[in-house]
>>> print(open('data27.json').read())   # JSON, C-alpha atoms
[["chain", "number", "residue", "atom", "x", "y", "z"],
["H", 2, "MET", "CA", 22.87, -31.26, 1.86],
["H", 3, "ASP", "CA", 22.75, -31.17, 5.60],
["H", 4, "GLY", "CA", 19.75, -33.10, 6.86],
["H", 5, "GLY", "CA", 19.49, -31.08, 10.08],
["H", 6, "GLY", "CA", 21.28, -29.70, 13.06],
["H", 7, "SER", "CA", 22.68, -32.79, 14.71],
["H", 8, "ALA", "CA", 25.80, -34.74, 13.85],
["H", 9, "THR", "CA", 23.81, -37.98, 13.73],
["H", 10, "ASN", "CA", 21.69, -37.11, 10.69],
["H", 11, "HIS", "CA", 24.34, -35.38, 8.60],
["H", 12, "GLN", "CA", 24.60, -36.41, 4.94],
["H", 13, "HIS", "CA", 28.22, -36.44, 3.81],
["H", 14, "VAL", "CA", 28.87, -34.01, 0.96],
["H", 15, "VAL", "CA", 31.91, -34.87, -1.16],
["H", 16, "LEU", "CA", 33.63, -33.16, -4.07],
["H", 17, "MET", "CA", 35.48, -35.71, -6.24],
["H", 18, "VAL", "CA", 38.22, -34.11, -8.38],
["H", 19, "GLU", "CA", 39.63, -36.66, -10.81],
["H", 20, "ASP", "CA", 40.57, -36.37, -14.48],
["H", 21, "SER", "CA", 39.90, -40.04, -15.30],
["H", 22, "ASP", "CA", 36.24, -40.33, -16.30],
["H", 23, "VAL", "CA", 36.10, -43.98, -15.23],
["H", 24, "ALA", "CA", 37.67, -43.40, -11.79],
["H", 25, "ARG", "CA", 35.62, -40.23, -11.15],
["H", 26, "GLU", "CA", 32.32, -41.85, -12.10],
["H", 27, "SER", "CA", 32.99, -45.16, -10.30],
["H", 28, "LEU", "CA", 34.14, -43.58, -7.04],
["H", 29, "GLY", "CA", 31.30, -41.06, -7.24],
["H", 30, "LEU", "CA", 28.77, -43.85, -7.71],
["H", 31, "LEU", "CA", 30.22, -45.90, -4.84],
["H", 32, "LEU", "CA", 30.04, -42.86, -2.56],
["H", 33, "GLN", "CA", 26.44, -42.21, -3.60],
["H", 34, "MET", "CA", 25.62, -45.84, -2.80],
["H", 35, "GLU", "CA", 27.01, -45.16, 0.70],
["H", 36, "GLY", "CA", 24.57, -42.26, 1.04],
["H", 37, "CYS", "CA", 26.88, -39.37, 0.17],
["H", 38, "ARG", "CA", 25.89, -36.37, -1.88],
["H", 39, "VAL", "CA", 28.61, -36.14, -4.53],
["H", 40, "ALA", "CA", 29.70, -33.48, -6.99],
["H", 41, "THR", "CA", 32.46, -34.24, -9.46],
["H", 42, "ALA", "CA", 34.97, -32.21, -11.43],
["H", 43, "PRO", "CA", 37.56, -33.38, -13.97],
["H", 44, "THR", "CA", 40.08, -30.64, -13.05],
["H", 45, "GLY", "CA", 41.04, -28.43, -10.16],
["H", 46, "VAL", "CA", 39.94, -25.38, -12.17],
["H", 47, "GLU", "CA", 36.41, -26.76, -12.46],
["H", 48, "ALA", "CA", 36.39, -27.80, -8.80],
["H", 49, "LEU", "CA", 37.24, -24.23, -7.73],
["H", 50, "HIS", "CA", 34.48, -22.94, -9.99],
["H", 51, "ILE", "CA", 31.95, -25.31, -8.40],
["H", 52, "MET", "CA", 32.92, -24.17, -4.92],
["H", 53, "HIS", "CA", 33.79, -20.50, -5.34],
["H", 54, "THR", "CA", 31.36, -19.39, -8.06],
["H", 55, "LEU", "CA", 28.47, -21.81, -7.56],
["H", 56, "GLY", "CA", 28.73, -21.92, -3.75],
["H", 57, "PHE", "CA", 29.02, -25.70, -3.36],
["H", 58, "ARG", "CA", 30.46, -26.52, 0.08],
["H", 59, "PRO", "CA", 31.56, -30.13, 0.53],
["H", 60, "CYS", "CA", 32.58, -31.41, 3.93],
["H", 61, "VAL", "CA", 35.56, -33.09, 2.25],
["H", 62, "ILE", "CA", 37.33, -33.09, -1.12],
["H", 63, "VAL", "CA", 38.88, -36.19, -2.70],
["H", 64, "ALA", "CA", 41.42, -35.13, -5.32],
["H", 65, "ASP", "CA", 43.78, -36.76, -7.74],
["H", 66, "LEU", "CA", 47.22, -35.19, -7.62],
["H", 67, "ILE", "CA", 48.14, -35.44, -11.31],
["H", 68, "MET", "CA", 45.57, -33.71, -13.52],
["H", 69, "PRO", "CA", 45.64, -31.45, -16.57],
["H", 70, "LYS", "CA", 45.24, -27.66, -16.25],
["H", 71, "MET", "CA", 45.73, -27.66, -12.46],
["H", 72, "ASP", "CA", 47.29, -30.47, -10.43],
["H", 73, "GLY", "CA", 46.19, -31.36, -6.92],
["H", 74, "PHE", "CA", 48.93, -29.31, -5.28],
["H", 75, "SER", "CA", 48.07, -26.17, -7.28],
["H", 76, "PHE", "CA", 44.40, -26.79, -6.50],
["H", 77, "ARG", "CA", 45.22, -26.84, -2.77],
["H", 78, "THR", "CA", 47.25, -23.62, -3.09],
["H", 79, "GLU", "CA", 44.34, -21.89, -4.84],
["H", 80, "GLN", "CA", 41.81, -23.28, -2.35],
["H", 81, "LEU", "CA", 43.77, -21.69, 0.52],
["H", 82, "LYS", "CA", 43.36, -18.24, -1.06],
["H", 83, "TYR", "CA", 39.63, -18.30, -0.23],
["H", 84, "PRO", "CA", 38.91, -18.12, 3.51],
["H", 85, "GLU", "CA", 35.55, -19.88, 3.08],
["H", 86, "LEU", "CA", 37.17, -22.79, 1.20],
["H", 87, "ALA", "CA", 40.49, -23.09, 3.05],
["H", 88, "PRO", "CA", 39.23, -25.23, 5.96],
["H", 89, "ILE", "CA", 37.73, -27.93, 3.71],
["H", 90, "PRO", "CA", 39.98, -31.00, 4.09],
["H", 91, "ILE", "CA", 41.41, -32.74, 1.03],
["H", 92, "ILE", "CA", 42.17, -36.45, 0.69],
["H", 93, "ALA", "CA", 44.79, -37.04, -2.01],
["H", 94, "LEU", "CA", 44.68, -39.91, -4.49],
["H", 95, "THR", "CA", 47.78, -40.85, -6.45],
["H", 96, "ALA", "CA", 49.60, -43.81, -7.93],
["H", 97, "HIS", "CA", 52.96, -42.48, -6.70],
["H", 98, "GLU", "CA", 54.22, -43.03, -3.15],
["H", 99, "GLY", "CA", 56.50, -39.99, -3.31],
["H", 100, "LEU", "CA", 53.60, -37.73, -4.28],
["H", 101, "ARG", "CA", 51.45, -39.25, -1.54],
["H", 102, "ARG", "CA", 54.07, -38.36, 1.06],
["H", 103, "HIS", "CA", 54.50, -34.89, -0.45],
["H", 104, "ALA", "CA", 50.73, -34.34, -0.17],
["H", 105, "LEU", "CA", 50.78, -35.27, 3.52],
["H", 106, "ASP", "CA", 53.62, -32.80, 4.06],
["H", 107, "ASN", "CA", 51.65, -30.06, 2.27],
["H", 108, "GLY", "CA", 48.30, -29.83, 3.99],
["H", 109, "PHE", "CA", 46.33, -32.81, 2.69],
["H", 110, "VAL", "CA", 44.62, -34.64, 5.55],
["H", 111, "ALA", "CA", 45.30, -38.07, 4.03],
["H", 112, "GLY", "CA", 46.85, -39.65, 0.97],
["H", 113, "LEU", "CA", 45.83, -42.94, -0.59],
["H", 114, "LEU", "CA", 47.56, -44.90, -3.31],
["H", 115, "LYS", "CA", 45.59, -45.89, -6.41],
["H", 116, "PRO", "CA", 43.86, -48.16, -6.80],
["H", 117, "CYS", "CA", 42.57, -47.15, -3.40],
["H", 118, "ASP", "CA", 40.88, -49.38, -0.89],
["H", 119, "PHE", "CA", 37.28, -48.10, -0.92],
["H", 120, "PRO", "CA", 36.48, -48.98, 2.72],
["H", 121, "GLU", "CA", 39.59, -47.04, 3.77],
["H", 122, "LEU", "CA", 38.60, -44.07, 1.58],
["H", 123, "PHE", "CA", 35.04, -44.07, 2.88],
["H", 124, "GLY", "CA", 36.31, -44.33, 6.46],
["H", 125, "LEU", "CA", 38.43, -41.21, 5.93],
["H", 126, "ILE", "CA", 35.52, -39.37, 4.31],
["H", 127, "ASP", "CA", 33.21, -40.40, 7.15],
["H", 128, "ARG", "CA", 35.68, -39.26, 9.83],
["H", 129, "HIS", "CA", 36.41, -35.87, 8.25],
["H", 130, "CYS", "CA", 32.77, -35.14, 7.41],
["H", 131, "ARG", "CA", 31.72, -35.97, 10.96],
["H", 132, "GLN", "CA", 34.46, -33.73, 12.39],
["H", 133, "ARG", "CA", 33.40, -30.81, 10.17],
["H", 134, "ASN", "CA", 29.74, -31.33, 11.03],
["H", 135, "VAL", "CA", 30.49, -31.32, 14.76],
["H", 136, "LEU", "CA", 32.31, -27.98, 14.29],
["H", 137, "ARG", "CA", 29.34, -26.53, 12.33],
["H", 138, "VAL", "CA", 26.88, -27.63, 15.00],
["H", 139, "ALA", "CA", 29.11, -26.20, 17.76],
["H", 140, "LYS", "CA", 29.31, -22.84, 15.95],
["H", 141, "ARG", "CA", 25.51, -22.66, 15.76],
["H", 142, "ALA", "CA", 25.11, -23.33, 19.50]]
>>> encode(input="data27.json", output="structure tokens")
Amino acid sequence: MDGGGSATNHQHVVLMVEDSDVARESLGLLLQMEGCRVATAPTGVEALHIMHTLGFRPCVIVADLIMPKMDGFSFRTEQLKYPELAPIPIIALTAHEGLRRHALDNGFVAGLLKPCDFPELFGLIDRHCRQRNVLRVAKRA
């Protein structure tokens, strides 16, 4: 939910894609406490449904890489098939250093190891949401 036209009053909108109920709910709650509007999905399939079918447009996606039905890499591949979804940056979460590096090499804007450092995660979300909001405001001008 964008609070207005300027970059200073933008509410960060985040899609959290994580198959662990505990991790998804805790990170979602922490982000809400920081003032973010958060939608969550337990799989990449559901995340695509939320964005493509329901029209939800986050300024950033935080996604686990290992999930049932559709892993984070397959989710990214599918996301790129939709021009309106392709530019949304994804921050990868994983417990595996090799997968983190692979994510960085394959279009994810950042990769954090679990358990992630929340201030670092929020800093990345803040930076990418602000960048996207500046682009939206510039397009309107």
>>> residues_around(input="data27.json", residues="Arg128 in chain H", least_positions_apart="3", cutoff="12 Å", atoms="all atoms listed in the file", output="PyMOL selection string")
chain H and resi 8+13+60-61+90+92+110-111+121-125+131-135
>>> residues_around(input="data27.json", residues="Gly56 in chain H", least_positions_apart="5", cutoff="10 Å", atoms="only C-alpha atoms", output="CSV table (one decimal) with C-alpha atoms, in the coordinates of the input")
chain,number,residue,atom,x,y,z
H,49,LEU,CA,37.2,-24.2,-7.7
H,50,HIS,CA,34.5,-22.9,-10.0
H,51,ILE,CA,32.0,-25.3,-8.4
H,85,GLU,CA,35.6,-19.9,3.1
H,86,LEU,CA,37.2,-22.8,1.2
>>> residues_near_point(input="data27.json", point="(30.7, -34.5, 1.7)", cutoff="7 Å", atoms="all atoms listed in the file", output="list in words")
His13, Val14, Val15, Leu16, Cys37, Arg38, Val39, Pro59, Cys60, Val61 and Cys130 of chain H
>>> residues_around(input="data27.json", residues="range 64-81 of chain H", least_positions_apart="5", cutoff="7 Å", atoms="all atoms listed in the file", output="PyMOL selection string")
chain H and resi 17-20+44-46+86-87+91-95
>>> closest_residue(input="data27.json", among="H:Ile89, H:Leu114, H:Val63, H:Ala96", to="Leu32 in chain H", atoms="only C-alpha atoms")
H:Val63
>>> atom_distance(input="data27.json", atom1="CA of Pro120 in chain H", atom2="CA of Ala42 in chain H")
22.0 Å
>>> residues_around(input="data27.json", residues="Phe119 in chain H", least_positions_apart="6", cutoff="12 Å", atoms="only C-alpha atoms", output="compact mmCIF listing (two decimals) with C-alpha atoms, in the frame of the given file")
# COMPACT_ATOMS: atom_id res chain seq x y z
CA ALA H 24 37.67 -43.40 -11.79
CA SER H 27 32.99 -45.16 -10.30
CA LEU H 28 34.14 -43.58 -7.04
CA GLY H 29 31.30 -41.06 -7.24
CA LEU H 30 28.77 -43.85 -7.71
CA LEU H 31 30.22 -45.90 -4.84
CA LEU H 32 30.04 -42.86 -2.56
CA GLU H 35 27.01 -45.16 0.70
CA LEU H 94 44.68 -39.91 -4.49
CA LEU H 113 45.83 -42.94 -0.59
CA LEU H 125 38.43 -41.21 5.93
CA ILE H 126 35.52 -39.37 4.31
CA ASP H 127 33.21 -40.40 7.15
>>> decode(input="data27.json", residues="range 46-75 of chain H", atoms="N, CA and C atoms", output="PDB file, in the first residue's frame")
ATOM      1  N   VAL H  46       4.468 -21.548  -5.863  1.00  0.00           N
ATOM      2  CA  VAL H  46       3.225 -21.641  -6.635  1.00  0.00           C
ATOM      3  C   VAL H  46       2.196 -20.661  -6.070  1.00  0.00           C
ATOM      4  N   GLU H  47       2.039 -20.664  -4.749  1.00  0.00           N
ATOM      5  CA  GLU H  47       1.085 -19.755  -4.117  1.00  0.00           C
ATOM      6  C   GLU H  47       1.524 -18.295  -4.244  1.00  0.00           C
ATOM      7  N   ALA H  48       2.824 -18.047  -4.184  1.00  0.00           N
ATOM      8  CA  ALA H  48       3.324 -16.684  -4.337  1.00  0.00           C
ATOM      9  C   ALA H  48       2.998 -16.142  -5.733  1.00  0.00           C
ATOM     10  N   LEU H  49       3.192 -16.971  -6.761  1.00  0.00           N
ATOM     11  CA  LEU H  49       2.848 -16.538  -8.124  1.00  0.00           C
ATOM     12  C   LEU H  49       1.360 -16.264  -8.239  1.00  0.00           C
ATOM     13  N   HIS H  50       0.544 -17.092  -7.608  1.00  0.00           N
ATOM     14  CA  HIS H  50      -0.905 -16.888  -7.625  1.00  0.00           C
ATOM     15  C   HIS H  50      -1.267 -15.540  -6.992  1.00  0.00           C
ATOM     16  N   ILE H  51      -0.664 -15.247  -5.853  1.00  0.00           N
ATOM     17  CA  ILE H  51      -0.934 -13.985  -5.157  1.00  0.00           C
ATOM     18  C   ILE H  51      -0.582 -12.794  -6.046  1.00  0.00           C
ATOM     19  N   MET H  52       0.526 -12.901  -6.757  1.00  0.00           N
ATOM     20  CA  MET H  52       0.959 -11.770  -7.589  1.00  0.00           C
ATOM     21  C   MET H  52       0.246 -11.731  -8.932  1.00  0.00           C
ATOM     22  N   HIS H  53       0.245 -12.861  -9.642  1.00  0.00           N
ATOM     23  CA  HIS H  53      -0.276 -12.861 -11.007  1.00  0.00           C
ATOM     24  C   HIS H  53      -1.804 -12.824 -11.036  1.00  0.00           C
ATOM     25  N   THR H  54      -2.451 -13.670 -10.262  1.00  0.00           N
ATOM     26  CA  THR H  54      -3.910 -13.772 -10.310  1.00  0.00           C
ATOM     27  C   THR H  54      -4.597 -12.717  -9.457  1.00  0.00           C
ATOM     28  N   LEU H  55      -4.065 -12.482  -8.258  1.00  0.00           N
ATOM     29  CA  LEU H  55      -4.714 -11.537  -7.340  1.00  0.00           C
ATOM     30  C   LEU H  55      -4.196 -10.107  -7.483  1.00  0.00           C
ATOM     31  N   GLY H  56      -3.117  -9.918  -8.248  1.00  0.00           N
ATOM     32  CA  GLY H  56      -2.625  -8.571  -8.523  1.00  0.00           C
ATOM     33  C   GLY H  56      -1.796  -7.928  -7.422  1.00  0.00           C
ATOM     34  N   PHE H  57      -1.327  -8.712  -6.458  1.00  0.00           N
ATOM     35  CA  PHE H  57      -0.493  -8.162  -5.383  1.00  0.00           C
ATOM     36  C   PHE H  57       0.864  -7.806  -5.961  1.00  0.00           C
ATOM     37  N   ARG H  58       1.351  -6.583  -5.701  1.00  0.00           N
ATOM     38  CA  ARG H  58       2.626  -6.123  -6.233  1.00  0.00           C
ATOM     39  C   ARG H  58       3.539  -5.651  -5.102  1.00  0.00           C
ATOM     40  N   PRO H  59       4.359  -6.549  -4.587  1.00  0.00           N
ATOM     41  CA  PRO H  59       5.313  -6.137  -3.546  1.00  0.00           C
ATOM     42  C   PRO H  59       6.439  -5.317  -4.160  1.00  0.00           C
ATOM     43  N   CYS H  60       7.116  -4.552  -3.316  1.00  0.00           N
ATOM     44  CA  CYS H  60       8.308  -3.862  -3.819  1.00  0.00           C
ATOM     45  C   CYS H  60       9.519  -4.779  -3.713  1.00  0.00           C
ATOM     46  N   VAL H  61       9.413  -5.841  -2.917  1.00  0.00           N
ATOM     47  CA  VAL H  61      10.488  -6.826  -2.815  1.00  0.00           C
ATOM     48  C   VAL H  61       9.892  -8.159  -2.359  1.00  0.00           C
ATOM     49  N   ILE H  62      10.560  -9.240  -2.770  1.00  0.00           N
ATOM     50  CA  ILE H  62      10.171 -10.591  -2.365  1.00  0.00           C
ATOM     51  C   ILE H  62      11.318 -11.178  -1.556  1.00  0.00           C
ATOM     52  N   VAL H  63      10.994 -11.813  -0.444  1.00  0.00           N
ATOM     53  CA  VAL H  63      11.972 -12.555   0.351  1.00  0.00           C
ATOM     54  C   VAL H  63      11.579 -14.017   0.217  1.00  0.00           C
ATOM     55  N   ALA H  64      12.479 -14.846  -0.332  1.00  0.00           N
ATOM     56  CA  ALA H  64      12.108 -16.224  -0.637  1.00  0.00           C
ATOM     57  C   ALA H  64      13.141 -17.233  -0.164  1.00  0.00           C
ATOM     58  N   ASP H  65      12.630 -18.278   0.451  1.00  0.00           N
ATOM     59  CA  ASP H  65      13.439 -19.443   0.767  1.00  0.00           C
ATOM     60  C   ASP H  65      13.824 -20.091  -0.564  1.00  0.00           C
ATOM     61  N   LEU H  66      14.941 -20.772  -0.595  1.00  0.00           N
ATOM     62  CA  LEU H  66      15.347 -21.432  -1.836  1.00  0.00           C
ATOM     63  C   LEU H  66      14.895 -22.886  -1.913  1.00  0.00           C
ATOM     64  N   ILE H  67      14.773 -23.546  -0.784  1.00  0.00           N
ATOM     65  CA  ILE H  67      14.357 -24.949  -0.777  1.00  0.00           C
ATOM     66  C   ILE H  67      12.943 -25.027  -0.215  1.00  0.00           C
ATOM     67  N   MET H  68      11.984 -25.295  -1.117  1.00  0.00           N
ATOM     68  CA  MET H  68      10.575 -25.395  -0.740  1.00  0.00           C
ATOM     69  C   MET H  68       9.929 -26.504  -1.554  1.00  0.00           C
ATOM     70  N   PRO H  69       8.832 -27.072  -1.034  1.00  0.00           N
ATOM     71  CA  PRO H  69       8.110 -28.084  -1.816  1.00  0.00           C
ATOM     72  C   PRO H  69       7.360 -27.445  -2.983  1.00  0.00           C
ATOM     73  N   LYS H  70       6.999 -28.238  -3.950  1.00  0.00           N
ATOM     74  CA  LYS H  70       6.237 -27.848  -5.143  1.00  0.00           C
ATOM     75  C   LYS H  70       7.036 -26.996  -6.113  1.00  0.00           C
ATOM     76  N   MET H  71       7.658 -25.919  -5.620  1.00  0.00           N
ATOM     77  CA  MET H  71       8.441 -25.038  -6.488  1.00  0.00           C
ATOM     78  C   MET H  71       9.527 -24.383  -5.638  1.00  0.00           C
ATOM     79  N   ASP H  72      10.785 -24.692  -5.947  1.00  0.00           N
ATOM     80  CA  ASP H  72      11.873 -24.084  -5.168  1.00  0.00           C
ATOM     81  C   ASP H  72      12.075 -22.629  -5.572  1.00  0.00           C
ATOM     82  N   GLY H  73      12.937 -21.938  -4.845  1.00  0.00           N
ATOM     83  CA  GLY H  73      13.161 -20.522  -5.104  1.00  0.00           C
ATOM     84  C   GLY H  73      13.688 -20.225  -6.495  1.00  0.00           C
ATOM     85  N   PHE H  74      14.518 -21.112  -7.030  1.00  0.00           N
ATOM     86  CA  PHE H  74      15.065 -20.897  -8.369  1.00  0.00           C
ATOM     87  C   PHE H  74      13.971 -21.043  -9.436  1.00  0.00           C
ATOM     88  N   SER H  75      13.126 -22.063  -9.293  1.00  0.00           N
ATOM     89  CA  SER H  75      12.012 -22.251 -10.233  1.00  0.00           C
ATOM     90  C   SER H  75      11.025 -21.094 -10.119  1.00  0.00           C
TER      91      SER H  75
END
